[in-house]
>>> print(open('model27.tsv').read())   # TSV, C-alpha atoms and all ligand atoms
chain	number	residue	atom	x	y	z
R	1	MET	CA	18.04	11.58	-2.63
R	2	LEU	CA	15.99	8.83	-4.19
R	3	LYS	CA	17.84	8.69	-7.52
R	4	GLY	CA	18.86	5.13	-8.29
R	5	LYS	CA	17.50	3.78	-5.01
R	6	ASP	CA	15.67	0.48	-4.42
R	7	ILE	CA	12.35	0.83	-2.60
R	8	ILE	CA	11.80	-2.53	-0.94
R	9	ASP	CA	10.51	-1.64	2.51
R	10	ALA	CA	8.68	1.39	3.96
R	11	SER	CA	11.90	2.16	5.84
R	12	ASP	CA	13.67	2.83	2.52
R	13	LEU	CA	11.82	6.15	2.50
R	14	ASN	CA	12.59	8.63	5.26
R	15	LYS	CA	10.22	11.39	6.34
R	16	LEU	CA	11.91	13.95	4.12
R	17	ASP	CA	11.68	11.66	1.06
R	18	VAL	CA	7.98	11.18	1.75
R	19	GLU	CA	7.45	14.91	2.20
R	20	GLU	CA	9.13	15.66	-1.14
R	21	LEU	CA	7.16	12.93	-2.91
R	22	LEU	CA	3.87	14.24	-1.55
R	23	ILE	CA	4.70	17.76	-2.71
R	24	LEU	CA	5.69	16.55	-6.17
R	25	ALA	CA	2.55	14.36	-6.44
R	26	GLU	CA	0.39	17.34	-5.47
R	27	ASN	CA	2.07	19.44	-8.17
R	28	ILE	CA	1.44	16.68	-10.70
R	29	ILE	CA	-2.25	16.58	-9.67
R	30	GLU	CA	-2.45	20.36	-10.26
R	31	ASN	CA	-0.52	20.46	-13.55
R	32	PRO	CA	-0.36	16.96	-15.07
R	33	ARG	CA	0.54	18.28	-18.54
R	34	GLU	CA	3.76	19.83	-17.31
R	35	TYR	CA	5.08	16.36	-16.55
R	36	ALA	CA	4.01	14.66	-19.77
R	37	ASP	CA	7.53	14.28	-21.20
R	38	THR	CA	9.67	13.95	-18.07
R	39	CYS	CA	10.47	10.28	-18.61
R	40	LYS	CA	10.61	10.24	-22.39
R	41	GLY	CA	12.99	7.56	-23.64
R	42	LYS	CA	12.90	5.64	-20.34
R	43	LEU	CA	11.57	2.11	-20.00
R	44	LEU	CA	9.88	0.53	-16.98
R	45	GLY	CA	9.92	-3.25	-16.46
R	46	SER	CA	6.66	-4.31	-14.83
R	47	LEU	CA	6.88	-7.83	-13.40
R	48	PHE	CA	3.83	-9.16	-11.60
R	49	PHE	CA	4.25	-12.70	-10.30
R	50	GLU	CA	0.98	-12.28	-8.38
R	51	PRO	CA	-2.42	-10.82	-9.36
R	52	SER	CA	-2.89	-7.07	-9.33
R	53	THR	CA	-5.24	-4.49	-10.79
R	54	ARG	CA	-4.56	-1.12	-9.17
R	55	THR	CA	-0.87	-1.40	-8.37
R	56	ARG	CA	0.14	-2.66	-11.81
R	57	LEU	CA	-2.13	-0.42	-13.82
R	58	SER	CA	-1.35	2.67	-11.75
R	59	PHE	CA	2.41	2.09	-12.17
R	60	GLU	CA	2.00	1.48	-15.88
R	61	SER	CA	-0.28	4.47	-16.43
R	62	ALA	CA	2.09	6.57	-14.28
R	63	MET	CA	5.02	5.71	-16.58
R	64	LEU	CA	2.97	6.28	-19.74
R	65	ARG	CA	1.69	9.63	-18.44
R	66	LEU	CA	5.31	10.69	-17.86
R	67	GLY	CA	6.09	9.94	-21.51
R	68	GLY	CA	7.97	6.72	-20.73
R	69	GLU	CA	7.22	3.20	-21.90
R	70	ILE	CA	6.70	-0.18	-20.27
R	71	ILE	CA	7.43	-3.84	-20.90
R	72	GLY	CA	6.78	-6.82	-18.68
R	73	PHE	CA	4.28	-9.49	-17.72
R	74	SER	CA	1.26	-9.79	-15.49
R	75	ASP	CA	1.25	-13.59	-15.64
R	76	PRO	CA	4.59	-15.30	-14.94
R	77	ASP	CA	3.32	-18.41	-16.73
R	78	SER	CA	3.66	-16.50	-20.00
R	79	SER	CA	7.39	-15.94	-19.29
R	80	SER	CA	10.42	-18.22	-18.92
R	81	VAL	CA	9.60	-18.55	-15.21
R	82	GLN	CA	7.27	-21.29	-16.44
R	83	LYS	CA	10.33	-23.09	-17.91
R	84	GLY	CA	12.03	-23.04	-14.52
R	85	GLU	CA	14.13	-19.88	-14.77
R	86	ASN	CA	15.26	-18.57	-11.39
R	87	LEU	CA	14.42	-15.07	-10.14
R	88	PRO	CA	17.92	-13.52	-10.45
R	89	ASP	CA	18.17	-14.64	-14.08
R	90	THR	CA	14.74	-13.21	-14.93
R	91	ILE	CA	15.67	-9.94	-13.21
R	92	LYS	CA	19.07	-9.72	-14.97
R	93	THR	CA	17.29	-10.21	-18.28
R	94	VAL	CA	14.68	-7.52	-17.75
R	95	ALA	CA	17.30	-5.20	-16.24
R	96	SER	CA	19.32	-5.39	-19.44
R	97	TYR	CA	16.40	-3.84	-21.35
R	98	THR	CA	14.94	-1.35	-18.86
R	99	ASP	CA	15.80	1.55	-16.53
R	100	LEU	CA	13.67	0.59	-13.53
R	101	ILE	CA	11.81	-2.56	-12.40
R	102	VAL	CA	8.57	-2.74	-10.44
R	103	MET	CA	7.81	-6.21	-9.14
R	104	ARG	CA	5.21	-8.05	-7.09
R	105	HIS	CA	5.93	-11.54	-5.81
R	106	PRO	CA	4.18	-14.01	-3.49
R	107	LYS	CA	7.43	-14.73	-1.59
R	108	GLU	CA	8.44	-12.39	1.20
R	109	GLY	CA	11.88	-11.02	0.52
R	110	ALA	CA	11.84	-11.72	-3.24
R	111	PRO	CA	12.28	-8.03	-4.19
R	112	ARG	CA	15.33	-7.75	-1.91
R	113	TYR	CA	16.78	-10.87	-3.54
R	114	ALA	CA	16.01	-9.38	-6.97
R	115	ALA	CA	17.71	-6.10	-6.03
R	116	ASP	CA	20.88	-8.02	-5.15
R	117	SER	CA	21.11	-9.34	-8.70
R	118	THR	CA	21.01	-6.04	-10.58
R	119	ASP	CA	22.22	-2.44	-10.43
R	120	ILE	CA	19.02	-0.90	-11.75
R	121	PRO	CA	16.47	0.22	-9.14
R	122	ILE	CA	13.82	-2.23	-7.94
R	123	ILE	CA	10.49	-1.12	-6.50
R	124	ASN	CA	8.59	-3.63	-4.37
R	125	ALA	CA	4.93	-3.66	-5.41
R	126	GLY	CA	4.05	-6.17	-2.68
R	127	ASP	CA	5.94	-9.24	-1.40
R	128	GLY	CA	3.77	-11.89	0.22
R	129	GLY	CA	2.41	-10.78	3.58
R	130	HIS	CA	5.41	-8.56	4.20
R	131	GLN	CA	5.61	-5.02	2.73
R	132	HIS	CA	3.94	-2.79	0.13
R	133	PRO	CA	5.70	0.57	0.39
R	134	THR	CA	4.09	2.30	-2.59
R	135	GLN	CA	0.61	1.57	-1.23
R	136	THR	CA	1.78	3.39	1.88
R	137	LEU	CA	2.76	6.42	-0.20
R	138	THR	CA	-0.72	6.27	-1.72
R	139	ASP	CA	-2.27	6.10	1.75
R	140	LEU	CA	-0.20	9.04	3.03
R	141	LEU	CA	-1.09	11.20	0.03
R	142	THR	CA	-4.77	10.39	0.59
R	143	ILE	CA	-4.55	11.28	4.28
R	144	LYS	CA	-2.82	14.55	3.40
R	145	GLN	CA	-5.50	15.36	0.81
R	146	ALA	CA	-8.32	14.46	3.20
R	147	LYS	CA	-7.00	16.03	6.38
R	148	GLY	CA	-4.43	18.59	5.19
R	149	LYS	CA	-1.74	17.04	7.42
R	150	ILE	CA	-0.44	13.70	8.71
R	151	GLU	CA	-0.23	14.36	12.47
R	152	ASN	CA	-2.25	13.95	15.63
R	153	PHE	CA	-4.75	11.32	14.55
R	154	THR	CA	-6.29	8.21	15.94
R	155	ILE	CA	-6.12	5.65	13.17
R	156	GLY	CA	-8.03	2.37	13.29
R	157	LEU	CA	-6.56	-0.47	11.23
R	158	CYS	CA	-9.22	-3.11	10.80
R	159	GLY	CA	-9.32	-6.64	9.41
R	160	ASP	CA	-6.45	-8.90	8.48
R	161	LEU	CA	-3.54	-7.29	10.30
R	162	LYS	CA	-1.54	-10.52	10.25
R	163	PHE	CA	-1.17	-11.02	6.50
R	164	GLY	CA	-2.06	-7.51	5.30
R	165	ARG	CA	1.22	-6.13	3.91
R	166	THR	CA	-0.28	-2.66	3.35
R	167	VAL	CA	-0.91	-2.41	7.09
R	168	HIS	CA	2.65	-3.44	7.93
R	169	SER	CA	4.13	-0.78	5.65
R	170	LEU	CA	1.70	1.91	6.74
R	171	ILE	CA	2.43	1.40	10.44
R	172	LYS	CA	6.15	1.59	9.75
R	173	ALA	CA	5.83	4.90	7.92
R	174	ILE	CA	3.13	6.68	9.88
R	175	CYS	CA	4.53	5.96	13.34
R	176	GLN	CA	7.23	8.55	12.52
R	177	TYR	CA	4.65	11.35	12.65
R	178	GLU	CA	3.68	13.24	15.81
R	179	GLY	CA	0.69	12.21	17.87
R	180	ILE	CA	-0.46	9.13	15.94
R	181	LYS	CA	-2.49	6.70	18.03
R	182	PHE	CA	-3.19	3.24	16.63
R	183	VAL	CA	-6.24	1.12	17.32
R	184	LEU	CA	-5.59	-2.36	15.93
R	185	ILE	CA	-8.94	-4.03	15.25
R	186	SER	CA	-8.83	-7.71	14.31
R	187	PRO	CA	-9.94	-11.18	15.36
R	188	GLU	CA	-7.39	-12.82	17.63
R	189	GLU	CA	-6.12	-15.08	14.82
R	190	LEU	CA	-5.39	-12.12	12.55
R	191	GLN	CA	-3.59	-9.84	14.99
R	192	ILE	CA	-0.59	-7.78	13.97
R	193	PRO	CA	2.64	-9.85	14.00
R	194	GLU	CA	4.76	-9.63	17.13
R	195	TYR	CA	7.77	-8.27	15.22
R	196	ILE	CA	5.75	-5.22	14.17
R	197	LYS	CA	4.82	-4.56	17.78
R	198	GLY	CA	8.33	-5.09	19.07
R	199	GLU	CA	10.45	-3.58	16.31
R	200	ILE	CA	8.18	-0.75	15.19
R	201	LEU	CA	5.40	0.21	17.57
R	202	ASP	CA	7.31	-0.25	20.82
R	203	LYS	CA	10.56	1.18	19.46
R	204	SER	CA	8.86	4.32	18.17
R	205	LYS	CA	6.99	4.59	21.49
R	206	SER	CA	3.71	4.75	19.59
R	207	GLU	CA	0.48	4.53	21.51
R	208	TYR	CA	-1.52	1.49	20.41
R	209	ARG	CA	-4.09	-0.96	21.62
R	210	GLU	CA	-5.63	-4.13	20.24
R	211	VAL	CA	-9.37	-4.71	20.17
R	212	GLU	CA	-11.68	-7.21	18.53
R	213	ARG	CA	-14.83	-5.20	17.88
R	214	LEU	CA	-15.05	-2.24	15.52
R	215	GLU	CA	-18.26	-0.98	17.17
R	216	GLN	CA	-16.35	-0.61	20.42
R	217	VAL	CA	-13.99	2.05	19.03
R	218	ILE	CA	-15.47	3.56	15.86
R	219	GLU	CA	-16.49	6.82	17.57
R	220	GLU	CA	-12.86	7.60	18.52
R	221	LEU	CA	-11.38	7.28	15.05
R	222	ASP	CA	-10.21	10.04	12.69
R	223	ILE	CA	-9.13	7.50	10.06
R	224	LEU	CA	-10.46	3.99	9.53
R	225	TYR	CA	-8.27	1.77	7.33
R	226	MET	CA	-10.28	-1.30	6.32
R	227	THR	CA	-8.59	-4.36	4.83
R	228	ARG	CA	-9.54	-7.57	3.07
R	229	VAL	CA	-8.97	-10.93	4.73
R	230	GLN	CA	-6.02	-12.21	2.66
R	231	LYS	CA	-7.46	-15.50	1.40
R	232	GLU	CA	-4.35	-16.41	-0.61
R	233	ARG	CA	-2.13	-16.43	2.51
R	234	PHE	CA	-4.23	-18.91	4.52
R	235	PHE	CA	-3.04	-22.47	4.96
R	236	ASN	CA	-6.54	-23.90	5.06
R	237	GLU	CA	-9.87	-22.93	3.57
R	238	ALA	CA	-11.83	-23.59	6.80
R	239	ASP	CA	-9.95	-20.86	8.70
R	240	TYR	CA	-10.57	-18.40	5.89
R	241	VAL	CA	-14.28	-19.21	5.76
R	242	ARG	CA	-14.55	-18.76	9.52
R	243	LEU	CA	-12.80	-15.37	9.51
R	244	LYS	CA	-13.76	-13.81	6.20
R	245	ASP	CA	-16.85	-11.98	7.44
R	246	SER	CA	-15.33	-10.71	10.68
R	247	TYR	CA	-15.96	-7.07	9.76
R	248	ILE	CA	-18.50	-5.48	7.49
R	249	LEU	CA	-18.60	-1.70	7.60
R	250	ASP	CA	-22.11	-0.41	6.85
R	251	MET	CA	-24.14	2.74	7.45
R	252	GLU	CA	-25.46	1.35	10.71
R	253	LYS	CA	-21.93	1.05	12.15
R	254	LEU	CA	-21.04	4.51	10.82
R	255	LYS	CA	-23.84	6.10	12.87
R	256	ASN	CA	-21.47	6.53	15.81
R	257	ALA	CA	-18.48	7.61	13.73
R	258	LYS	CA	-17.09	11.16	13.54
R	259	GLU	CA	-18.49	13.49	10.87
R	260	ASP	CA	-15.00	13.95	9.46
R	261	LEU	CA	-13.87	10.33	9.63
R	262	THR	CA	-11.76	9.34	6.60
R	263	ILE	CA	-12.41	5.78	5.42
R	264	LEU	CA	-9.54	4.20	3.51
R	265	HIS	CA	-9.08	0.76	1.93
R	266	PRO	CA	-6.19	-0.31	-0.32
R	267	LEU	CA	-8.73	-2.32	-2.36
R	268	PRO	CA	-9.77	-4.79	-3.70
R	269	ARG	CA	-12.75	-4.97	-1.40
R	270	VAL	CA	-14.59	-8.25	-1.03
R	271	ASN	CA	-17.43	-7.55	1.39
R	272	GLU	CA	-15.77	-5.70	4.29
R	273	ILE	CA	-17.30	-2.39	3.21
R	274	SER	CA	-20.96	-2.39	2.12
R	275	VAL	CA	-21.58	-0.75	-1.21
R	276	GLU	CA	-24.00	1.67	0.51
R	277	VAL	CA	-20.99	3.34	2.18
R	278	ASP	CA	-19.47	4.30	-1.20
R	279	SER	CA	-21.62	7.41	-1.57
R	280	ASP	CA	-20.92	8.67	1.97
R	281	PRO	CA	-18.55	11.67	1.85
R	282	ARG	CA	-16.34	9.93	4.42
R	283	ALA	CA	-15.48	7.19	1.88
R	284	TRP	CA	-12.11	8.04	0.35
R	285	TYR	CA	-11.08	4.67	-1.07
R	286	PHE	CA	-11.89	5.36	-4.71
R	287	LYS	CA	-10.07	8.70	-4.57
R	288	GLN	CA	-7.24	6.85	-2.82
R	289	MET	CA	-6.72	4.50	-5.76
R	290	ARG	CA	-6.49	7.47	-8.16
R	291	PHE	CA	-3.92	9.17	-5.91
R	292	GLY	CA	-1.91	5.95	-6.26
R	293	MET	CA	-1.14	6.86	-9.86
R	294	PHE	CA	0.05	10.39	-9.01
R	295	ILE	CA	2.31	9.34	-6.17
R	296	ARG	CA	3.81	6.62	-8.41
R	297	MET	CA	4.47	9.26	-11.08
R	298	ALA	CA	6.34	11.24	-8.44
R	299	LEU	CA	8.28	8.17	-7.29
R	300	ILE	CA	9.29	7.10	-10.80
R	301	MET	CA	10.51	10.64	-11.56
R	302	LYS	CA	12.59	10.82	-8.39
R	303	ILE	CA	14.13	7.38	-8.80
R	304	LEU	CA	15.03	8.03	-12.42
R	305	GLY	CA	16.38	11.48	-11.45
R	306	GLU	CA	14.05	13.15	-13.97
R	307	GLU	CA	12.77	16.10	-12.00
B	1	LIG	C1	-3.38	-4.71	-1.61
B	1	LIG	C2	-2.24	-5.71	-1.79
B	1	LIG	O1	-2.02	-6.20	-2.91
B	1	LIG	O2	-1.60	-5.96	-0.79
B	1	LIG	N1	-3.91	-4.25	-2.83
B	1	LIG	C3	-3.31	-3.21	-3.47
B	1	LIG	O3	-2.15	-3.23	-3.80
B	1	LIG	N2	-4.03	-2.09	-3.68
B	1	LIG	C4	-4.40	-5.17	-0.66
B	1	LIG	C5	-5.11	-6.48	-0.88
B	1	LIG	O4	-4.83	-7.19	-1.85
B	1	LIG	O5	-5.96	-6.80	-0.07
>>> encode(input="model27.tsv", output="structure tokens", more="lines below")
Ligand code: NCD
Amino acid sequence: MLKGKDIIDASDLNKLDVEELLILAENIIENPREYADTCKGKLLGSLFFEPSTRTRLSFESAMLRLGGEIIGFSDPDSSSVQKGENLPDTIKTVASYTDLIVMRHPKEGAPRYAADSTDIPIINAGDGGHQHPTQTLTDLLTIKQAKGKIENFTIGLCGDLKFGRTVHSLIKAICQYEGIKFVLISPEELQIPEYIKGEILDKSKSEYREVERLEQVIEELDILYMTRVQKERFFNEADYVRLKDSYILDMEKLKNAKEDLTILHPLPRVNEISVEVDSDPRAWYFKQMRFGMFIRMALIMKILGEE
């Protein structure tokens, strides 16, 4: 039961919740009109303390397509945060006008802190380099659409595995499925944090290995999840400049890849996937961002209990 629940971390959704959300999202994709009034009279608070294009606009269009409405801000400097208001006070304020809050914040843990200051549900739309559970739902729906199932795959996660919150959430969720093998592809400085290895990969007994070169493993992969080097999380510009071009996926590299490889990317892309790859049938990242709206429609409906 997701009604009234906070979604802060990928572990707030169990396998059954995910299954039900995927089914509902697939029904919405088939018959969007049937859902047009499901959230009529409901109001979503959309609070983005950090930049966003897809996550914010897909949540907002999801609510509008369900017949609900939205209020909020995409620039905290236009709100009383700029006057020095603390997070719990801002959340209490917005919670007194709305039925559900979606928030993105640069500080890890901020959505949990926000959830402690209100009774209305909070959805984490990304907290620092920590978690991004609704991107994971988007990724799982895309995998299901591309492959027809979410089991028995070798998935390569490539790029900034240290700061990439979408990777952290995805590993947490997908390691619950049968037969998933992870290939973690990153420069040494951007390897997956130790706590993810210890608390998630080792505990779930998932098979994984760490490599530095994409060319070395591309032929084994069923899914390749590319990520952007997270410039905003670096402490110094020189490290970012040194690491930013670590991986560039192009047609040359794809020569050795499987015919039915599925290429995913949470987007935005900087230069880690060449534009020439966009027209390859294995590129799923633009479809993926559209699926993000449908899975968020499903999630909003379930949390508001409006099925
Ligand atoms: C991601 C994020 O914000 O973590 N973007 C998104 O939500 N689709 C990935 C990124 O910014 O690199």
>>> atom_distance(input="model27.tsv", atom1="CA of Leu157 in chain R", atom2="CA of Glu108 in chain R")
21.6 Å
>>> closest_residue(input="model27.tsv", among="R:Ser279, R:Thr166, R:Ser186, R:Ser46", to="Leu140 in chain R", atoms="all atoms listed in the file")
R:Thr166
>>> atom_distance(input="model27.tsv", atom1="CA of Ser78 in chain R", atom2="CA of Thr55 in chain R")
19.6 Å
>>> residues_near_ligand(input="model27.tsv", ligand="ligand LIG 1 (chain B)", cutoff="6 Å", atoms="all atoms listed in the file", output="list in words")
Arg54, Thr55, Gly126, Arg165, Thr166, Arg228, Pro266, Leu267 and Pro268 of chain R
>>> atom_distance(input="model27.tsv", atom1="CA of Glu207 in chain R", atom2="CA of Arg269 in chain R")
28.1 Å
>>> closest_residue(input="model27.tsv", among="R:Asp202, R:Glu69, R:Glu188, R:Glu194", to="Cys39 in chain R", atoms="only C-alpha atoms")
R:Glu69
>>> closest_residue(input="model27.tsv", among="R:Asp139, R:Leu201, R:Lys162, R:Gln191", to="Phe286 in chain R", atoms="all atoms listed in the file")
R:Asp139
>>> closest_residue(input="model27.tsv", among="R:Asp99, R:Glu306, R:Asp160, R:Glu219", to="Lys253 in chain R", atoms="only C-alpha atoms")
R:Glu219
>>> closest_residue(input="model27.tsv", among="R:Met103, R:Ile70, R:Ala298, R:Ile150", to="Ile123 in chain R", atoms="all atoms listed in the file")
R:Met103
>>> residues_around(input="model27.tsv", residues="Ile101 in chain R", least_positions_apart="3", cutoff="12 Å", atoms="all atoms listed in the file", output="PyMOL selection string")
chain R and resi 4-8+42-48+56+59-60+63+70-73+90-98+104+111+114-115+118-125+300+303-304
>>> closest_residue(input="model27.tsv", among="R:His168, R:Arg290, R:His265, R:Arg112", to="Leu184 in chain R", atoms="all atoms listed in the file")
R:His168
>>> residues_around(input="model27.tsv", residues="Ile273 in chain R", least_positions_apart="5", cutoff="10 Å", atoms="only C-alpha atoms", output="list in words")
Met226, Thr227, Arg228, Tyr247, Ile248, Leu249, Asp250, Met251, Ile263, His265, Asp278 and Ala283 of chain R
>>> residues_around(input="model27.tsv", residues="Lys181 in chain R", least_positions_apart="3", cutoff="8 Å", atoms="all atoms listed in the file", output="VMD selection string")
chain R and resid 152 to 155 206 to 208
>>> residues_near_point(input="model27.tsv", point="(0.0, -13.7, -5.3)", cutoff="10 Å", atoms="only C-alpha atoms", output="ChimeraX atom specification")
/R:48-52,104-107,126-129,232-233
>>> axis_aligned_box(input="model27.tsv", around="range 168-182 of chain R", padding_each_side="5 Å", output="JSON")
{"center_x": 2.0, "center_y": 4.9, "center_z": 11.8, "size_x": 20.4, "size_y": 26.7, "size_z": 22.4}
>>> residues_around(input="model27.tsv", residues="Lys149 in chain R", least_positions_apart="5", cutoff="12 Å", atoms="only C-alpha atoms", output="number ranges by chain")
R: 19, 22, 140-144, 174, 177-180
